[in-house]
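Trainee: Data file structure.cif (mmCIF, C-alpha atoms) is appended below.
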```cif
data_input
loop_
_atom_site.label_atom_id
_atom_site.label_comp_id
_atom_site.auth_asym_id
_atom_site.auth_seq_id
_atom_site.Cartn_x
_atom_site.Cartn_y
_atom_site.Cartn_z
CA MET A 1 7.33 21.84 -4.00
CA PRO A 2 9.55 19.51 -1.93
CA SER A 3 12.60 17.84 -3.47
CA ALA A 4 12.56 14.18 -4.48
CA THR A 5 14.34 13.25 -1.24
CA LEU A 6 11.85 15.14 0.91
CA GLU A 7 8.97 13.59 -1.01
CA GLU A 8 10.30 10.13 -0.18
CA TYR A 9 10.39 11.06 3.50
CA LEU A 10 6.87 12.49 3.45
CA GLU A 11 5.51 9.38 1.73
CA THR A 12 7.26 7.15 4.28
CA ILE A 13 6.05 9.16 7.26
CA TYR A 14 2.46 9.08 5.98
CA LYS A 15 2.49 5.30 5.53
CA LEU A 16 4.13 4.71 8.93
CA ALA A 17 1.57 7.00 10.59
CA GLU A 18 -1.20 4.70 9.37
CA ARG A 19 0.14 2.11 11.82
CA GLY A 20 0.70 4.44 14.80
CA ASP A 21 3.20 6.98 16.11
CA VAL A 22 6.22 7.55 13.88
CA ARG A 23 9.77 7.51 15.25
CA PRO A 24 12.97 8.55 13.44
CA THR A 25 14.36 5.02 13.83
CA GLN A 26 11.39 3.65 11.85
CA ILE A 27 12.05 6.12 9.05
CA ALA A 28 15.72 5.16 8.95
CA GLU A 29 14.81 1.48 8.74
CA GLU A 30 12.21 1.98 6.00
CA LEU A 31 14.47 4.13 3.83
CA GLY A 32 17.72 2.31 4.58
CA VAL A 33 19.57 5.42 5.74
CA SER A 34 21.52 6.35 8.86
CA GLY A 35 20.14 8.01 11.97
CA PRO A 36 22.10 11.25 11.45
CA THR A 37 20.80 11.48 7.86
CA VAL A 38 17.21 11.17 9.11
CA THR A 39 17.81 13.78 11.81
CA ALA A 40 19.18 16.28 9.28
CA THR A 41 16.35 15.68 6.82
CA LEU A 42 13.68 15.97 9.51
CA LYS A 43 15.11 19.38 10.42
CA ARG A 44 14.66 20.46 6.80
CA LEU A 45 11.10 19.15 6.74
CA LYS A 46 10.27 20.99 9.97
CA THR A 47 11.83 24.24 8.75
CA GLN A 48 9.73 24.05 5.57
CA GLY A 49 6.55 23.43 7.55
CA TYR A 50 5.92 19.84 6.53
CA ILE A 51 6.28 18.16 9.94
CA THR A 52 6.09 18.82 13.66
CA ARG A 53 8.02 17.01 16.40
CA PRO A 54 5.68 16.17 19.30
CA GLY A 55 8.16 14.79 21.81
CA THR A 56 10.33 12.21 20.04
CA ALA A 57 7.67 11.42 17.43
CA VAL A 58 7.25 12.79 13.91
CA ALA A 59 3.90 14.10 12.67
CA LEU A 60 2.85 15.61 9.35
CA THR A 61 1.33 19.07 9.22
CA SER A 62 -1.60 19.77 6.89
CA ALA A 63 0.91 20.89 4.25
CA GLY A 64 2.95 17.75 4.82
CA THR A 65 -0.11 15.52 4.51
CA LYS A 66 -1.13 17.23 1.27
CA ALA A 67 2.35 16.78 -0.20
CA ALA A 68 2.52 13.15 0.96
CA LEU A 69 -0.83 12.29 -0.61
CA ASP A 70 0.23 13.94 -3.85
CA ILE A 71 3.38 11.82 -4.15
CA ILE A 72 1.48 8.66 -3.16
CA ARG A 73 -1.07 9.47 -5.85
CA ARG A 74 1.66 9.81 -8.47
CA HIS A 75 3.40 6.63 -7.28
CA ARG A 76 0.28 4.49 -7.47
CA LEU A 77 -0.70 5.93 -10.85
CA ALA A 78 2.80 5.08 -12.11
CA GLU A 79 2.43 1.52 -10.80
CA ARG A 80 -0.92 1.20 -12.56
CA PHE A 81 0.63 2.37 -15.83
CA LEU A 82 3.60 0.03 -15.53
CA VAL A 83 1.40 -3.01 -14.85
CA ASP A 84 -1.65 -2.32 -17.02
CA THR A 85 -0.02 -0.69 -20.03
CA LEU A 86 3.56 -1.96 -20.11
CA GLY A 87 2.78 -5.40 -18.72
CA ILE A 88 5.44 -5.36 -16.00
CA PRO A 89 4.68 -7.87 -13.19
CA TRP A 90 3.20 -6.27 -10.07
CA GLU A 91 6.12 -7.43 -7.93
CA ASP A 92 8.64 -5.52 -10.08
CA VAL A 93 7.08 -2.05 -10.36
CA HIS A 94 7.84 -0.39 -7.03
CA GLU A 95 11.36 0.86 -7.76
CA ASP A 96 10.48 2.10 -11.25
CA ALA A 97 7.38 3.83 -9.87
CA CYS A 98 9.62 5.56 -7.30
CA LEU A 99 11.61 7.04 -10.20
CA LEU A 100 8.56 8.00 -12.26
CA GLU A 101 6.64 9.61 -9.42
CA HIS A 102 9.14 12.49 -9.20
CA ALA A 103 9.11 13.09 -12.96
CA LEU A 104 5.34 13.47 -13.47
CA SER A 105 4.36 17.08 -14.00
CA PRO A 106 0.73 18.04 -13.17
CA ARG A 107 -0.10 18.09 -16.89
CA VAL A 108 1.37 14.63 -17.52
CA GLN A 109 -0.27 13.30 -14.38
CA GLU A 110 -3.71 14.49 -15.52
CA ALA A 111 -3.16 13.00 -18.97
CA LEU A 112 -2.05 9.71 -17.43
CA GLU A 113 -5.18 9.58 -15.27
CA ARG A 114 -7.38 10.07 -18.32
CA PHE A 115 -5.43 7.46 -20.27
CA LEU A 116 -5.86 4.93 -17.44
CA ASP A 117 -9.57 5.83 -17.09
CA ASN A 118 -9.12 7.31 -13.61
CA PRO A 119 -8.21 4.17 -11.64
CA SER A 120 -9.22 4.06 -7.98
CA GLU A 121 -6.59 1.58 -6.79
CA CYS A 122 -2.99 0.60 -7.47
CA PRO A 123 -2.21 -2.96 -8.70
CA HIS A 124 -1.74 -4.08 -5.08
CA GLY A 125 -5.21 -2.84 -4.08
CA HIS A 126 -4.28 0.35 -2.24
CA PRO A 127 -6.54 3.38 -2.86
CA ILE A 128 -5.21 6.12 -5.13
CA PRO A 129 -5.78 9.48 -3.41
CA ALA A 130 -8.13 11.80 -5.29
CA ALA A 131 -7.00 15.18 -6.60
CA ASP A 132 -8.62 16.90 -3.59
CA GLY A 133 -6.63 14.74 -1.17
CA THR A 134 -9.46 12.45 -0.10
CA VAL A 135 -8.68 8.75 0.29
CA ALA A 136 -11.23 5.95 0.09
CA ASP A 137 -11.92 4.04 3.30
CA ARG A 138 -9.46 1.20 3.88
CA MET A 139 -12.07 -1.45 4.66
CA GLY A 140 -11.46 -5.16 4.93
CA GLU A 141 -10.22 -7.82 7.33
CA PRO A 142 -6.98 -9.83 7.42
CA LEU A 143 -7.31 -13.22 5.77
CA SER A 144 -5.65 -14.67 8.87
CA GLU A 145 -8.76 -13.81 10.93
CA GLN A 146 -11.23 -15.70 8.72
CA ALA A 147 -12.80 -18.97 9.85
CA SER A 148 -13.13 -22.27 7.96
CA GLU A 149 -15.60 -22.29 5.07
CA CYS A 150 -15.38 -18.50 4.71
CA GLU A 151 -15.29 -17.13 1.17
CA ALA A 152 -13.82 -13.70 0.59
CA ALA A 153 -12.54 -11.38 -2.13
CA VAL A 154 -8.96 -10.17 -1.95
CA LEU A 155 -8.90 -6.38 -1.56
CA ARG A 156 -5.22 -5.60 -1.21
CA VAL A 157 -1.80 -6.78 -0.06
CA GLU A 158 -0.53 -4.64 2.80
CA ASP A 159 3.15 -5.52 2.40
CA GLU A 160 4.55 -4.83 -1.08
CA ASP A 161 7.65 -6.96 -0.51
CA GLU A 162 8.83 -8.30 -3.88
CA ASP A 163 9.22 -11.90 -2.71
CA LEU A 164 5.76 -11.90 -1.13
CA LEU A 165 4.12 -10.47 -4.25
CA THR A 166 5.92 -12.99 -6.44
CA TYR A 167 4.67 -15.82 -4.24
CA LEU A 168 1.08 -14.56 -4.19
CA ALA A 169 1.14 -14.12 -7.97
CA SER A 170 2.18 -17.77 -8.31
CA LEU A 171 -0.96 -18.68 -6.33
CA GLY A 172 -3.15 -16.37 -8.40
CA MET A 173 -3.99 -14.20 -5.39
CA PHE A 174 -4.58 -10.74 -6.84
CA PRO A 175 -7.06 -8.05 -5.80
CA GLY A 176 -10.51 -9.23 -6.87
CA THR A 177 -9.65 -12.92 -6.57
CA THR A 178 -12.04 -15.09 -4.55
CA VAL A 179 -10.42 -17.12 -1.77
CA LYS A 180 -12.07 -19.87 0.23
CA VAL A 181 -10.72 -20.85 3.64
CA CYS A 182 -10.92 -24.65 3.75
CA ASP A 183 -9.30 -25.33 7.11
CA VAL A 184 -7.55 -23.44 9.90
CA ALA A 185 -4.95 -25.22 12.01
CA PRO A 186 -5.09 -24.51 15.77
CA PHE A 187 -2.48 -22.56 17.75
CA LYS A 188 -1.84 -20.12 14.89
CA GLY A 189 -0.92 -22.91 12.50
CA PRO A 190 -1.24 -22.61 8.70
CA MET A 191 -4.47 -22.07 6.83
CA MET A 192 -5.57 -24.23 3.92
CA VAL A 193 -7.08 -21.98 1.24
CA GLU A 194 -8.56 -22.58 -2.18
CA VAL A 195 -7.83 -20.23 -5.08
CA GLY A 196 -9.01 -20.94 -8.61
CA GLY A 197 -9.79 -24.55 -7.83
CA SER A 198 -6.39 -25.30 -6.28
CA ARG A 199 -5.56 -25.65 -2.59
CA TYR A 200 -2.56 -24.15 -0.83
CA ALA A 201 -1.21 -24.05 2.72
CA LEU A 202 -0.72 -20.45 3.78
CA GLY A 203 1.20 -19.37 6.88
CA ARG A 204 -0.61 -17.04 9.28
CA ASP A 205 2.11 -14.41 8.88
CA ILE A 206 1.49 -14.24 5.14
CA ALA A 207 -2.30 -14.44 5.53
CA SER A 208 -2.17 -11.47 7.92
CA LYS A 209 -0.82 -9.29 5.10
CA ILE A 210 -3.70 -10.13 2.74
CA VAL A 211 -6.78 -7.95 3.32
CA VAL A 212 -10.09 -9.44 2.20
CA GLU A 213 -13.78 -8.65 2.14
CA PRO A 214 -15.75 -11.63 3.48
CA ARG A 215 -18.67 -12.78 1.38
CA ARG A 216 -21.17 -11.97 4.14
CA ARG A 217 -20.17 -8.31 4.06
CA ARG A 218 -20.24 -8.16 0.26
CA GLU A 219 -23.77 -9.60 0.18
CA ARG A 220 -24.92 -7.21 2.92
CA ARG A 221 -23.45 -4.24 1.04
CA ARG A 222 -25.11 -5.25 -2.21
CA GLY A 223 -28.44 -5.71 -0.48
#
```
Please lay out the structure from this file as structure tokens.
Mentor:
Amino acid sequence: MPSATLEEYLETIYKLAERGDVRPTQIAEELGVSGPTVTATLKRLKTQGYITRPGTAVALTSAGTKAALDIIRRHRLAERFLVDTLGIPWEDVHEDACLLEHALSPRVQEALERFLDNPSECPHGHPIPAADGTVADRMGEPLSEQASECEAAVLRVEDEDEDLLTYLASLGMFPGTTVKVCDVAPFKGPMMVEVGGSRYALGRDIASKIVVEPRRRRERRRG
């Protein structure tokens, strides 16, 4: 079983790989560590069979993917517990979940899953990997790509930045919330959206980080 430090690296590499090729500089930026520290840690990960180094990139092996999904599973379960059971706001749980994820033994993890009634998503809408390593499809479209008069359900927030989550919470924009696009300014200007009967101007950069399921798709899926 990898150490807590190596688990953090595996989790980071997995999430970066969802966006494309992973470079050491990206890992350093995400974790807030120096280049030489990343280089040394990547050597350890490669020696233990968790990564390969195709050219200058970093890629997880099957063992590395399995370990990464396991730590992500524990992290998102911890977030669910902190929000649902302890009542901690969703914008404040990431750091505490990072501490808890390394302390959950398999027995405690299984008990926590039963206690939480086997949740499928974290509070931010991201899928919780199953015990066999499968991950639900990451469907949805960015809110920024929706047209005027579109109604959609919020699925997840891609960026778990604390300030962003605090802002979205103040608007009532949580996973499951219905959002209506009232107007879209031209030339990538702000969007006017309605949430819970109130209207807000939302910048395209923020809207791009909110993944939604348009009403047309929901109705088609139900039918």
Trainee: Could you name the residues that touch segment 70-78 of chain A at 7 Å or less, counting only C-alpha atoms, but leaving out those on the same chain fewer than 5 positions away, as JSON, numbers by chain?
Mentor: {"A": [7, 11, 97, 98, 100, 101, 122, 128, 129]}
Trainee: Expanded to explicit residues, what is the PyMOL selection byres ((chain A and resi 68) around 10) for this file, as a list in words?
Mentor: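 Applied to this file, the PyMOL selection byres ((chain A and resi 68) around 10) selects Pro2, Leu6, Glu7, Glu8, Tyr9, Leu10, Glu11, Thr12, Ile13, Tyr14, Lys15, Tyr50, Leu60, Ser62, Ala63, Gly64, Thr65, Lys66, Ala67, Leu69, Asp70, Ile71, Ile72, Arg73 and Gly133 of chain A.
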Trainee: Enclose segment 110-127 of chain A, meaning all of its atoms listed in the file, in a box aligned along x, y and z, pad it by 3 Å on each side, and list the centre and edge lengths in Å to one decimal, as JSON.
Mentor:
```
{"center_x": -5.7, "center_y": 5.2, "center_z": -11.3, "size_x": 13.8, "size_y": 24.6, "size_z": 24.0}
```
Trainee: Arg156 of chain A: which residues within 7 Å, counting all atoms listed in the file, same-chain residues fewer than 3 positions away excluded, as a list in words?
Mentor: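 These residues fall inside the cut-off: His124, Gly125, His126, Pro175, Ile210 and Val211 of chain A.
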Trainee: Between atom CA of Pro24 of chain A and atom CA of Ser3 of chain A, measure the distance and give it in Å to one decimal.
Mentor: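 Between these atoms lies a distance of 19.3 Å.
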Trainee: Rounded to one decimal in Å, what is the spacing between atom CA of Gly32 of chain A and atom CA of Lys46 of chain A?
Mentor: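 These atoms are spaced 20.8 Å apart.
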Trainee: Using all atoms listed in the file for the distances, tell me which of A:Leu164, A:Leu86, A:Glu145, A:Gly176 is nearest to Leu116 of chain A.
Mentor: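 The answer is A:Leu86, which sits nearest to Leu116 of chain A.
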Trainee: Can you translate the PyMOL selection byres ((chain A and resi 150-152) around 8) into the concrete residues it hits in this file, as a ChimeraX atom specification?
Mentor: /A:146-149,153-154,178-182,212-215
Trainee: Got time to write the residues from that selection, C-alpha atoms, as a compact mmCIF listing (two decimals), keeping the file's coordinate frame?
Mentor:
```
# COMPACT_ATOMS: atom_id res chain seq x y z
CA GLN A 146 -11.23 -15.70 8.72
CA ALA A 147 -12.80 -18.97 9.85
CA SER A 148 -13.13 -22.27 7.96
CA GLU A 149 -15.60 -22.29 5.07
CA ALA A 153 -12.54 -11.38 -2.13
CA VAL A 154 -8.96 -10.17 -1.95
CA THR A 178 -12.04 -15.09 -4.55
CA VAL A 179 -10.42 -17.12 -1.77
CA LYS A 180 -12.07 -19.87 0.23
CA VAL A 181 -10.72 -20.85 3.64
CA CYS A 182 -10.92 -24.65 3.75
CA VAL A 212 -10.09 -9.44 2.20
CA GLU A 213 -13.78 -8.65 2.14
CA PRO A 214 -15.75 -11.63 3.48
CA ARG A 215 -18.67 -12.78 1.38
```
Trainee: Tell me which of A:Ala28, A:Phe174, A:Ser144, A:Asp163 sits closest to Lys188 of chain A, counting all atoms listed in the file.
Mentor: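 Nearest to Lys188 of chain A: A:Ser144.
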Trainee: Could you work out how far atom CA of Asp159 of chain A lies from atom CA of Lys209 of chain A, giving the answer in Å with one decimal?
Mentor: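 Spanning atom CA of Lys209 of chain A to atom CA of Asp159 of chain A is a straight-line distance of 6.1 Å.
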Trainee: Excluding Gly189 of chain A and residues on its chain fewer than 2 positions from it, collect all residues at most 10 Å away from it, counting only C-alpha atoms, and give them as a PyMOL selection string.
Mentor: chain A and resi 184-187+191-192+201-205
Trainee: I want to know what sits within 8 Å of Val195 of chain A, based on only C-alpha atoms, with residues of the same chain fewer than 3 positions away left out; could you give that as an MDAnalysis selection string?
Mentor: chainID A and resid 171:173 177:180 198:200
Trainee: Rank A:Arg23, A:Ala4, A:Gly197, A:Leu168 by their smallest atom-to-atom distance to Ala103 of chain A, using all atoms listed in the file, and report the top residue only.
Mentor: A:Ala4
